[in-house]
file model.txt (compact mmCIF, C-alpha atoms)
# COMPACT_ATOMS: atom_id res chain seq x y z
CA MET S 1 -66.27 137.61 105.33
CA PRO S 2 -68.91 136.61 107.91
CA ALA S 3 -72.17 138.56 107.84
CA TYR S 4 -71.73 139.63 111.47
CA ARG S 5 -68.83 141.14 113.40
CA LEU S 6 -69.20 141.39 117.17
CA HIS S 7 -67.10 143.81 119.24
CA CYS S 8 -66.71 141.88 122.46
CA PHE S 9 -64.52 140.45 125.24
CA ALA S 10 -64.66 137.28 127.31
CA GLN S 11 -65.78 138.76 130.65
CA SER S 12 -68.81 140.52 129.12
CA GLY S 13 -71.99 138.58 129.66
CA ASN S 14 -73.80 141.18 127.54
CA ALA S 15 -71.52 140.31 124.61
CA TYR S 16 -71.94 136.61 125.41
CA LYS S 17 -75.75 136.93 125.12
CA VAL S 18 -75.39 137.89 121.47
CA ALA S 19 -72.44 135.58 120.71
CA LEU S 20 -74.16 132.53 122.23
CA TYR S 21 -77.36 133.28 120.34
CA MET S 22 -75.44 133.52 117.05
CA SER S 23 -73.56 130.31 117.85
CA CYS S 24 -76.74 128.36 118.70
CA ALA S 25 -78.61 129.89 115.74
CA GLY S 26 -75.82 128.77 113.40
CA LEU S 27 -75.02 132.27 112.14
CA GLU S 28 -71.62 133.11 110.64
CA TRP S 29 -69.85 135.71 112.77
CA GLU S 30 -66.44 136.83 113.89
CA PRO S 31 -65.33 138.53 117.09
CA VAL S 32 -63.49 141.86 117.30
CA PHE S 33 -61.65 142.03 120.62
CA VAL S 34 -62.27 145.12 122.77
CA ASP S 35 -59.73 145.63 125.55
CA TYR S 36 -62.35 146.77 128.06
CA MET S 37 -60.33 145.85 131.12
CA THR S 38 -57.66 148.44 130.25
CA GLY S 39 -60.24 151.13 129.50
CA ALA S 40 -60.77 150.87 125.71
CA THR S 41 -64.48 151.79 125.93
CA ARG S 42 -63.75 154.90 128.03
CA ASP S 43 -61.46 156.26 125.31
CA PRO S 44 -63.23 159.15 123.49
CA ALA S 45 -61.73 157.96 120.17
CA TRP S 46 -63.26 154.50 120.63
CA ARG S 47 -66.60 156.08 121.57
CA ALA S 48 -66.53 158.31 118.48
CA ARG S 49 -65.54 155.44 116.20
CA VAL S 50 -67.52 152.50 117.59
CA ASN S 51 -70.17 153.46 120.16
CA PRO S 52 -70.96 156.83 121.78
CA MET S 53 -72.77 154.96 124.58
CA GLY S 54 -69.38 153.51 125.54
CA GLU S 55 -70.74 149.99 125.69
CA VAL S 56 -69.93 146.50 124.49
CA PRO S 57 -71.31 144.57 122.61
CA VAL S 58 -71.51 146.32 119.27
CA LEU S 59 -72.67 144.28 116.28
CA GLU S 60 -71.69 145.25 112.75
CA ALA S 61 -74.31 144.02 110.31
CA ASP S 62 -75.74 145.28 107.02
CA GLY S 63 -73.41 148.28 107.19
CA LYS S 64 -74.90 149.34 110.55
CA ARG S 65 -73.48 149.36 114.06
CA LEU S 66 -76.02 147.98 116.49
CA THR S 67 -75.73 148.29 120.28
CA GLN S 68 -77.50 147.16 123.46
CA SER S 69 -77.62 143.37 123.60
CA GLY S 70 -81.42 143.28 123.94
CA ALA S 71 -81.94 145.44 120.87
CA ILE S 72 -79.40 143.37 118.93
CA LEU S 73 -81.13 140.10 119.89
CA LEU S 74 -84.53 141.46 118.84
CA TRP S 75 -83.05 142.74 115.57
CA LEU S 76 -81.31 139.44 114.80
CA ALA S 77 -84.39 137.37 115.64
CA GLU S 78 -86.55 139.51 113.38
CA LYS S 79 -84.04 139.29 110.56
CA THR S 80 -83.11 135.60 110.79
CA ARG S 81 -86.31 134.19 112.41
CA LYS S 82 -84.04 131.84 114.39
CA MET S 83 -85.36 131.25 117.91
CA ALA S 84 -87.62 134.24 117.36
CA PRO S 85 -90.84 134.83 119.29
CA GLY S 86 -93.64 133.57 117.05
CA THR S 87 -96.87 135.43 117.72
CA GLU S 88 -97.40 139.09 118.54
CA ASP S 89 -98.05 138.13 122.18
CA GLU S 90 -94.80 136.17 122.29
CA ARG S 91 -92.90 139.07 120.78
CA TYR S 92 -94.25 141.36 123.49
CA GLU S 93 -93.46 138.75 126.16
CA ALA S 94 -89.87 138.43 124.91
CA LEU S 95 -89.50 142.20 124.97
CA ARG S 96 -90.86 142.36 128.52
CA TRP S 97 -88.39 139.77 129.80
CA ILE S 98 -85.49 141.36 127.93
CA LEU S 99 -86.35 144.70 129.53
CA PHE S 100 -86.67 143.06 132.94
CA ASP S 101 -83.28 141.47 132.35
CA ASN S 102 -81.65 144.81 131.59
CA HIS S 103 -83.49 146.70 134.29
CA LYS S 104 -83.34 144.35 137.23
CA PHE S 105 -81.60 141.07 136.54
CA THR S 106 -78.35 141.46 134.61
CA SER S 107 -77.87 145.02 135.80
CA TYR S 108 -77.43 144.14 139.47
CA PHE S 109 -76.03 140.63 139.07
CA ALA S 110 -73.43 141.62 136.48
CA THR S 111 -72.34 144.68 138.43
CA TYR S 112 -72.10 142.61 141.61
CA ARG S 113 -69.89 140.04 139.83
CA PHE S 114 -67.74 142.71 138.21
CA LEU S 115 -67.05 144.57 141.45
CA ARG S 116 -66.53 141.32 143.36
CA SER S 117 -64.03 139.86 140.91
CA PHE S 118 -62.62 142.38 138.45
CA ALA S 119 -62.82 145.95 139.78
CA PRO S 120 -59.41 147.56 140.40
CA GLN S 121 -60.23 148.24 144.05
CA GLU S 122 -61.87 146.07 146.65
CA PRO S 123 -65.52 147.22 146.59
CA ASP S 124 -67.33 148.79 149.52
CA PRO S 125 -69.21 146.14 151.51
CA ALA S 126 -72.34 148.33 151.68
CA VAL S 127 -72.42 148.61 147.88
CA MET S 128 -71.98 144.85 147.55
CA ALA S 129 -74.78 144.18 150.05
CA PHE S 130 -77.04 146.61 148.16
CA LEU S 131 -76.33 144.96 144.80
CA LYS S 132 -76.70 141.44 146.21
CA THR S 133 -80.10 142.20 147.72
CA ARG S 134 -81.31 143.54 144.36
CA ALA S 135 -79.75 140.65 142.41
CA ASP S 136 -81.35 138.14 144.78
CA GLY S 137 -84.77 139.73 144.26
CA ALA S 138 -84.48 139.42 140.48
CA LEU S 139 -83.00 135.90 140.64
CA GLY S 140 -85.98 134.85 142.78
CA ILE S 141 -88.46 136.18 140.22
CA VAL S 142 -86.73 134.39 137.32
CA ASN S 143 -86.31 131.19 139.35
CA GLU S 144 -90.00 131.20 140.26
CA HIS S 145 -90.99 131.77 136.61
CA LEU S 146 -88.82 128.84 135.53
CA THR S 147 -90.59 126.44 137.87
CA LYS S 148 -93.50 126.67 135.41
CA THR S 149 -91.81 126.49 132.03
CA PRO S 150 -88.69 124.86 130.54
CA PHE S 151 -87.64 128.05 128.75
CA VAL S 152 -88.65 131.67 129.38
CA LEU S 153 -91.44 131.79 126.79
CA GLY S 154 -92.44 128.12 126.79
CA PRO S 155 -91.23 124.77 125.50
CA GLU S 156 -88.63 126.18 123.08
CA PRO S 157 -85.66 128.50 123.62
CA THR S 158 -85.92 132.06 122.29
CA ILE S 159 -83.89 135.26 122.44
CA ALA S 160 -85.38 135.93 125.90
CA ASP S 161 -83.42 132.94 127.25
CA PHE S 162 -80.16 134.15 125.71
CA SER S 163 -80.66 137.57 127.26
CA LEU S 164 -81.50 136.37 130.76
CA ALA S 165 -78.91 133.56 130.79
CA GLY S 166 -75.99 135.71 129.67
CA TYR S 167 -74.32 135.91 133.07
CA MET S 168 -75.39 132.50 134.38
CA PHE S 169 -72.55 130.54 132.76
CA PHE S 170 -69.64 132.37 134.34
CA PRO S 171 -67.84 130.42 137.05
CA GLU S 172 -69.09 130.44 140.63
CA ALA S 173 -65.67 131.80 141.66
CA GLU S 174 -66.57 135.04 139.87
CA HIS S 175 -70.11 135.65 141.18
CA GLY S 176 -70.28 133.43 144.26
CA TYR S 177 -73.57 131.69 143.43
CA ASP S 178 -74.00 127.91 143.30
CA PHE S 179 -77.30 127.88 141.42
CA GLU S 180 -77.72 124.12 141.81
CA THR S 181 -78.21 124.79 145.52
CA SER S 182 -79.56 128.34 145.62
CA HIS S 183 -81.83 128.55 142.54
CA ARG S 184 -82.75 125.09 141.35
CA SER S 185 -84.99 126.13 138.42
CA ILE S 186 -82.35 128.48 137.10
CA PHE S 187 -79.83 125.66 137.34
CA THR S 188 -81.94 123.15 135.38
CA TRP S 189 -82.72 125.85 132.79
CA THR S 190 -78.99 126.47 132.29
CA GLN S 191 -78.52 122.71 131.82
CA ARG S 192 -81.19 122.76 129.09
CA LEU S 193 -79.41 125.66 127.39
CA LYS S 194 -76.04 123.88 127.67
CA ALA S 195 -77.54 120.94 125.77
CA LEU S 196 -78.36 123.11 122.72
CA PRO S 197 -76.21 122.53 119.63
CA GLY S 198 -73.76 125.41 119.40
CA TRP S 199 -73.59 126.12 123.15
CA LYS S 200 -70.13 127.14 124.30
CA ASP S 201 -68.64 128.41 127.52
CA PRO S 202 -68.08 132.21 127.47
CA TYR S 203 -64.32 131.76 127.76
CA ASP S 204 -64.33 129.43 124.74
CA LEU S 205 -66.64 131.59 122.64
CA LEU S 206 -65.27 135.10 123.23
CA PRO S 207 -61.77 136.56 122.82
CA GLY S 208 -59.62 137.83 125.69
CA GLU S 209 -57.61 136.28 128.44
CA ARG S 210 -59.07 134.80 131.56
CA ILE S 211 -58.49 136.96 134.62
CA ALA S 212 -58.28 135.31 138.02
CA PRO S 213 -61.24 136.67 139.99
CA ARG S 214 -60.31 138.46 143.18
CA GLY S 215 -63.32 136.74 144.79
CA ALA S 216 -61.61 133.37 144.48
CA ALA S 217 -59.20 134.32 147.25
CA ARG S 218 -62.10 135.16 149.54
CA ALA S 219 -64.35 132.19 148.75
CA MET H 1 -114.91 152.81 130.35
CA PRO H 2 -111.52 154.04 129.06
CA ALA H 3 -109.59 151.65 126.84
CA TYR H 4 -106.59 151.71 129.18
CA ARG H 5 -106.23 151.27 132.94
CA LEU H 6 -102.82 152.01 134.46
CA HIS H 7 -101.79 150.64 137.85
CA CYS H 8 -99.59 153.43 139.16
CA PHE H 9 -98.63 155.89 141.90
CA ALA H 10 -97.31 159.45 141.84
CA GLN H 11 -93.70 158.79 142.88
CA SER H 12 -93.14 156.21 140.12
CA GLY H 13 -91.33 157.69 137.15
CA ASN H 14 -91.77 154.37 135.37
CA ALA H 15 -95.55 154.73 135.68
CA TYR H 16 -95.25 158.39 134.67
CA LYS H 17 -93.46 157.41 131.42
CA VAL H 18 -96.58 155.55 130.28
CA ALA H 19 -99.10 157.99 131.77
CA LEU H 20 -97.43 161.04 130.20
CA TYR H 21 -97.24 159.29 126.84
CA MET H 22 -100.96 158.45 126.99
CA SER H 23 -101.77 162.01 128.05
CA CYS H 24 -99.72 163.60 125.23
CA ALA H 25 -101.00 161.03 122.71
CA GLY H 26 -104.58 161.89 123.67
CA LEU H 27 -105.49 158.34 124.70
CA GLU H 28 -108.39 157.66 127.08
CA TRP H 29 -107.10 156.07 130.28
CA GLU H 30 -107.75 155.86 133.98
CA PRO H 31 -105.36 155.33 136.88
CA VAL H 32 -105.60 152.52 139.44
CA PHE H 33 -103.73 153.57 142.58
CA VAL H 34 -101.12 151.14 143.92
CA ASP H 35 -100.03 151.82 147.48
CA TYR H 36 -96.37 151.03 146.77
CA MET H 37 -95.00 153.06 149.64
CA THR H 38 -96.68 150.80 152.19
CA GLY H 39 -95.55 147.63 150.42
CA ALA H 40 -98.50 146.73 148.15
CA THR H 41 -96.26 145.33 145.39
CA ARG H 42 -94.38 143.07 147.82
CA ASP H 43 -97.65 141.40 148.87
CA PRO H 44 -97.80 137.89 147.33
CA ALA H 45 -101.54 138.32 146.72
CA TRP H 46 -100.92 141.49 144.68
CA ARG H 47 -98.16 139.73 142.76
CA ALA H 48 -100.43 136.78 141.99
CA ARG H 49 -103.32 139.01 140.96
CA VAL H 50 -101.59 141.87 139.14
CA ASN H 51 -97.89 141.26 138.38
CA PRO H 52 -95.60 138.38 139.40
CA MET H 53 -92.60 140.63 138.67
CA GLY H 54 -93.77 142.81 141.55
CA GLU H 55 -93.52 145.97 139.51
CA VAL H 56 -95.49 149.09 138.67
CA PRO H 57 -96.65 150.16 136.10
CA VAL H 58 -99.09 147.56 134.86
CA LEU H 59 -101.32 148.48 131.93
CA GLU H 60 -104.64 146.74 131.39
CA ALA H 61 -105.53 146.82 127.70
CA ASP H 62 -107.34 144.49 125.31
CA GLY H 63 -107.94 142.06 128.19
CA LYS H 64 -104.18 141.76 128.78
CA ARG H 65 -101.97 142.92 131.62
CA LEU H 66 -98.82 144.50 130.23
CA THR H 67 -95.75 145.31 132.33
CA GLN H 68 -92.34 146.98 132.01
CA SER H 69 -92.75 150.60 130.91
CA GLY H 70 -90.51 150.16 127.85
CA ALA H 71 -92.48 147.18 126.58
CA ILE H 72 -95.75 149.01 127.25
CA LEU H 73 -94.56 152.09 125.32
CA LEU H 74 -93.48 149.97 122.36
CA TRP H 75 -96.78 148.08 122.45
CA LEU H 76 -98.87 151.29 122.63
CA ALA H 77 -96.89 152.99 119.85
CA GLU H 78 -97.33 149.99 117.58
CA LYS H 79 -101.05 149.82 118.31
CA THR H 80 -101.92 153.53 118.18
CA ARG H 81 -99.12 154.82 115.87
CA LYS H 82 -98.99 157.94 118.05
CA MET H 83 -95.44 159.28 118.41
CA ALA H 84 -94.26 155.93 117.09
CA PRO H 85 -90.89 155.41 115.44
CA GLY H 86 -91.51 155.51 111.69
CA THR H 87 -88.99 153.45 109.80
CA GLU H 88 -87.44 150.11 110.75
CA ASP H 89 -84.20 151.92 111.64
CA GLU H 90 -86.09 154.33 113.87
CA ARG H 91 -87.89 151.48 115.57
CA TYR H 92 -84.56 149.82 116.34
CA GLU H 93 -83.12 153.16 117.51
CA ALA H 94 -86.08 153.68 119.87
CA LEU H 95 -85.62 150.19 121.25
CA ARG H 96 -81.91 150.80 121.80
CA TRP H 97 -82.53 154.00 123.75
CA ILE H 98 -85.35 152.44 125.76
CA LEU H 99 -83.03 149.57 126.71
CA PHE H 100 -80.26 152.03 127.56
CA ASP H 101 -82.76 153.91 129.71
CA ASN H 102 -83.72 150.80 131.64
CA HIS H 103 -80.19 149.46 131.88
CA LYS H 104 -78.16 152.54 132.72
CA PHE H 105 -80.18 155.73 132.97
CA THR H 106 -83.41 155.34 134.90
CA SER H 107 -82.11 152.37 136.84
CA TYR H 108 -79.39 154.29 138.67
CA PHE H 109 -81.00 157.74 138.69
CA ALA H 110 -84.36 156.48 139.95
CA THR H 111 -82.81 154.31 142.63
CA TYR H 112 -80.59 157.19 143.73
CA ARG H 113 -83.64 159.47 144.04
CA PHE H 114 -85.68 156.83 145.85
CA LEU H 115 -83.02 156.09 148.45
CA ARG H 116 -82.21 159.78 148.86
CA SER H 117 -85.79 160.89 149.43
CA PHE H 118 -88.17 158.04 150.19
CA ALA H 119 -86.39 155.00 151.63
CA PRO H 120 -87.36 154.21 155.22
CA GLN H 121 -83.75 154.45 156.42
CA GLU H 122 -81.07 156.98 155.62
CA PRO H 123 -79.06 155.28 152.85
CA ASP H 124 -75.42 154.30 153.14
CA PRO H 125 -73.18 157.07 151.73
CA ALA H 126 -71.08 154.52 149.79
CA VAL H 127 -74.20 153.19 148.04
CA MET H 128 -75.29 156.73 147.21
CA ALA H 129 -71.86 157.61 145.83
CA PHE H 130 -71.89 154.42 143.74
CA LEU H 131 -75.34 155.17 142.29
CA LYS H 132 -74.54 158.83 141.67
CA THR H 133 -71.38 157.99 139.72
CA ARG H 134 -73.37 155.60 137.52
CA ALA H 135 -76.28 158.04 137.12
CA ASP H 136 -73.85 160.83 136.17
CA GLY H 137 -72.27 158.63 133.50
CA ALA H 138 -75.64 157.92 131.91
CA LEU H 139 -76.83 161.54 132.25
CA GLY H 140 -73.67 162.66 130.47
CA ILE H 141 -74.31 160.30 127.55
CA VAL H 142 -77.93 161.45 127.15
CA ASN H 143 -76.95 165.13 127.56
CA GLU H 144 -74.27 164.78 124.88
CA HIS H 145 -76.74 163.06 122.52
CA LEU H 146 -79.24 165.88 123.03
CA THR H 147 -76.73 168.53 121.97
CA LYS H 148 -77.25 167.15 118.45
CA THR H 149 -81.01 166.65 118.24
CA PRO H 150 -84.12 168.28 119.73
CA PHE H 151 -85.68 164.93 120.64
CA VAL H 152 -84.04 161.53 121.10
CA LEU H 153 -84.75 160.23 117.58
CA GLY H 154 -84.80 163.56 115.71
CA PRO H 155 -87.06 166.58 115.21
CA GLU H 156 -90.22 164.99 116.67
CA PRO H 157 -90.93 163.40 120.06
CA THR H 158 -91.35 159.61 120.21
CA ILE H 159 -91.76 156.95 122.87
CA ALA H 160 -87.98 157.06 123.40
CA ASP H 161 -88.34 160.57 124.85
CA PHE H 162 -91.13 159.49 127.21
CA SER H 163 -89.02 156.60 128.45
CA LEU H 164 -85.83 158.59 129.05
CA ALA H 165 -87.60 161.67 130.47
CA GLY H 166 -89.70 159.76 132.99
CA TYR H 167 -87.69 160.80 136.03
CA MET H 168 -86.56 164.22 134.80
CA PHE H 169 -89.72 166.09 135.89
CA PHE H 170 -89.62 165.26 139.57
CA PRO H 171 -88.57 168.16 141.81
CA GLU H 172 -84.91 168.93 142.42
CA ALA H 173 -85.61 168.46 146.15
CA GLU H 174 -86.14 164.74 145.46
CA HIS H 175 -83.09 163.98 143.27
CA GLY H 176 -80.78 166.90 143.95
CA TYR H 177 -80.05 167.81 140.31
CA ASP H 178 -80.53 171.28 138.86
CA PHE H 179 -80.40 170.27 135.19
CA GLU H 180 -80.46 173.87 133.99
CA THR H 181 -76.97 174.20 135.48
CA SER H 182 -75.64 170.66 135.37
CA HIS H 183 -77.02 169.23 132.09
CA ARG H 184 -78.09 172.03 129.81
CA SER H 185 -79.21 169.87 126.85
CA ILE H 186 -81.33 167.70 129.10
CA PHE H 187 -82.88 170.85 130.55
CA THR H 188 -83.82 172.35 127.17
CA TRP H 189 -85.17 168.95 126.06
CA THR H 190 -87.43 168.79 129.13
CA GLN H 191 -88.66 172.31 128.27
CA ARG H 192 -89.57 171.07 124.77
CA LEU H 193 -91.46 168.15 126.27
CA LYS H 194 -93.25 170.44 128.75
CA ALA H 195 -94.53 172.46 125.78
CA LEU H 196 -96.33 169.44 124.28
CA PRO H 197 -100.15 169.46 124.49
CA GLY H 198 -101.14 167.05 127.24
CA TRP H 199 -97.97 167.47 129.32
CA LYS H 200 -98.63 167.35 133.06
CA ASP H 201 -96.48 167.27 136.16
CA PRO H 202 -96.22 163.74 137.65
CA TYR H 203 -98.00 164.85 140.83
CA ASP H 204 -100.89 166.21 138.77
CA LEU H 205 -101.11 163.23 136.45
CA LEU H 206 -100.78 160.28 138.84
CA PRO H 207 -102.70 159.35 142.00
CA GLY H 208 -101.21 159.27 145.49
CA GLU H 209 -100.15 161.83 148.02
CA ARG H 210 -97.02 163.87 147.84
CA ILE H 211 -94.41 162.78 150.35
CA ALA H 212 -91.91 165.32 151.64
CA PRO H 213 -88.50 164.11 150.45
CA ARG H 214 -86.00 163.47 153.20
CA GLY H 215 -83.38 165.05 150.91
CA ALA H 216 -85.08 168.44 151.27
CA ALA H 217 -83.86 168.71 154.84
CA ARG H 218 -80.30 168.06 153.73
CA ALA H 219 -80.24 170.28 150.65
call {"tool": "encode", "arguments": {"input": "model.txt", "output": "structure tokens"}}
result
Amino acid sequence: MPAYRLHCFAQSGNAYKVALYMSCAGLEWEPVFVDYMTGATRDPAWRARVNPMGEVPVLEADGKRLTQSGAILLWLAEKTRKMAPGTEDERYEALRWILFDNHKFTSYFATYRFLRSFAPQEPDPAVMAFLKTRADGALGIVNEHLTKTPFVLGPEPTIADFSLAGYMFFPEAEHGYDFETSHRSIFTWTQRLKALPGWKDPYDLLPGERIAPRGAARA
Amino acid sequence: MPAYRLHCFAQSGNAYKVALYMSCAGLEWEPVFVDYMTGATRDPAWRARVNPMGEVPVLEADGKRLTQSGAILLWLAEKTRKMAPGTEDERYEALRWILFDNHKFTSYFATYRFLRSFAPQEPDPAVMAFLKTRADGALGIVNEHLTKTPFVLGPEPTIADFSLAGYMFFPEAEHGYDFETSHRSIFTWTQRLKALPGWKDPYDLLPGERIAPRGAARA
């Protein structure tokens, strides 16, 4: 049995952050499919059994259940030392970017993509404009940072890259951004990550069917 | 000169998280006022000089500039050992709750409060409804957790409490929640935190003038 079991589904960039890290780090893991799209994580029984925070991903490891992708990445890096921040300053810097990712970057971008493509109802245009403005602010800060460095912490990829890049590999039809045009440094950074051994597309790495994004009809 | 200088302003719950921790931990610190409300953090010169992420708080310590309240709290706890998570499991648990705070709890609640009370224009009702639904989801998860434990990690307060409680001490007129009625466990938890030596109201602890919340007129 693999050392790691990841509760996940294909549309979750937060699950993909952990899965892609494990794939590129060469760790043995297996996915456990969570049927999020039909409400599995809102079921009180699922919350009681797997995660009271109601969130995916959940990593089973060493008899524990770990949640929050950023905490899982920091835990895995500390345990395996693969693509781990080296010095104390680097560890703090990774933590800072992972928090920024959760606070400002993934939070708005991922929610924008979800409402645009997968929410049951067509979202309110004012909500979409609000989320896009916030996502654009965070994308600009990351893009600017990546003009100065090949990866988030320097010349080598670390867990900070896997956290921040988690939603960048989903198709343009889902989120509406063509990074090659709009955010050139983010685009070249994603190309560097794609070149890592073990890199896989989210829909090849994670279980669950593809869902045609509603946004595709509007694009 | 105090060992710590915190760039902050009174309306910032994220700055308050760090300031309140330092106050309760008995650390020597001084505030540096940031005139956020008139756009100081959007000024490229401020970003270049203080924080390229454009965010408050920023902590000056050991010749470094630290940002992101969660990263600062983890850094301070590791350095000072005050109200620090003890075991490795506790450290991971603190990290998980601090990430949850940034991702789901503060992010929506703080933005809801800001738009409701301090944004230049009256916010769009659809945006407010969206943020309130998300804030309520996160408040419910924290409230439920606090039915089982006096503080987030157990019987004693840690940095996880200071992170999650950062926005809970602002007046009801600003955010519209009466926690004593709506979220009883959160309310009793805030009373426990208020009883700690060093606890101060955000408007007593941080520099900057009070601003009458627009929400007060509507309440």
call {"tool": "closest_residue", "arguments": {"input": "model.txt", "among": "S:Tyr4, S:Phe179, S:Tyr36, S:Trp199", "to": "Phe118 in chain S", "atoms": "only C-alpha atoms"}}
result
S:Tyr36
call {"tool": "interface_residues", "arguments": {"input": "model.txt", "of": "chain S", "to": "chain H", "cutoff": "9 Å", "atoms": "all atoms listed in the file", "output": "number ranges by chain"}}
result
S: 52-54, 66-72, 74-75, 92-93, 95-104, 106-107, 124-128, 130, 138, 141-142, 145
call {"tool": "atom_distance", "arguments": {"input": "model.txt", "atom1": "CA of Ala10 in chain H", "atom2": "CA of Tyr203 in chain H"}}
result
5.5 Å
call {"tool": "residues_around", "arguments": {"input": "model.txt", "residues": "range 79-87 of chain H", "least_positions_apart": "2", "cutoff": "12 Å", "atoms": "all atoms listed in the file", "output": "MDAnalysis selection string"}}
result
(chainID S and resid 88) or (chainID H and resid 3 21:28 61:62 72:77 89:97 151:162 196)
call {"tool": "closest_residue", "arguments": {"input": "model.txt", "among": "S:His183, S:Lys194, S:Arg65, S:Arg47", "to": "Thr147 in chain S", "atoms": "all atoms listed in the file"}}
result
S:His183
call {"tool": "axis_aligned_box", "arguments": {"input": "model.txt", "around": "range 175-179 of chain S", "padding_each_side": "4 Å", "output": "AutoDock Vina command-line options"}}
result
--center_x -73.7 --center_y 131.8 --center_z 142.7 --size_x 15.2 --size_y 15.8 --size_z 11.1
call {"tool": "atom_distance", "arguments": {"input": "model.txt", "atom1": "CA of Leu205 in chain H", "atom2": "CA of Ala19 in chain H"}}
result
7.3 Å
call {"tool": "residues_around", "arguments": {"input": "model.txt", "residues": "Asp204 in chain S", "least_positions_apart": "4", "cutoff": "12 Å", "atoms": "all atoms listed in the file", "output": "ChimeraX atom specification"}}
result
/S:9-11,16,19-20,23,31,169-170,198-200,208-210
call {"tool": "atom_distance", "arguments": {"input": "model.txt", "atom1": "CA of Pro44 in chain H", "atom2": "CA of Arg113 in chain H"}}
result
26.0 Å
call {"tool": "residues_near_point", "arguments": {"input": "model.txt", "point": "(-66.1, 139.6, 118.4)", "cutoff": "6 Å", "atoms": "all atoms listed in the file", "output": "mmCIF file with C-alpha atoms, in the coordinates of the input"}}
result
data_model
loop_
_atom_site.group_PDB
_atom_site.id
_atom_site.type_symbol
_atom_site.label_atom_id
_atom_site.label_comp_id
_atom_site.auth_asym_id
_atom_site.auth_seq_id
_atom_site.Cartn_x
_atom_site.Cartn_y
_atom_site.Cartn_z
ATOM 1 C CA ARG S 5 -68.830 141.140 113.400
ATOM 2 C CA LEU S 6 -69.200 141.390 117.170
ATOM 3 C CA HIS S 7 -67.100 143.810 119.240
ATOM 4 C CA CYS S 8 -66.710 141.880 122.460
ATOM 5 C CA GLU S 30 -66.440 136.830 113.890
ATOM 6 C CA PRO S 31 -65.330 138.530 117.090
ATOM 7 C CA VAL S 32 -63.490 141.860 117.300
ATOM 8 C CA PHE S 33 -61.650 142.030 120.620
#
call {"tool": "residues_around", "arguments": {"input": "model.txt", "residues": "Phe114 in chain H", "least_positions_apart": "5", "cutoff": "9 Å", "atoms": "all atoms listed in the file", "output": "compact mmCIF listing (two decimals) with C-alpha atoms, in the coordinates of the input"}}
result
# COMPACT_ATOMS: atom_id res chain seq x y z
CA GLN H 11 -93.70 158.79 142.88
CA PHE H 109 -81.00 157.74 138.69
CA ALA H 119 -86.39 155.00 151.63
CA GLU H 174 -86.14 164.74 145.46
CA HIS H 175 -83.09 163.98 143.27
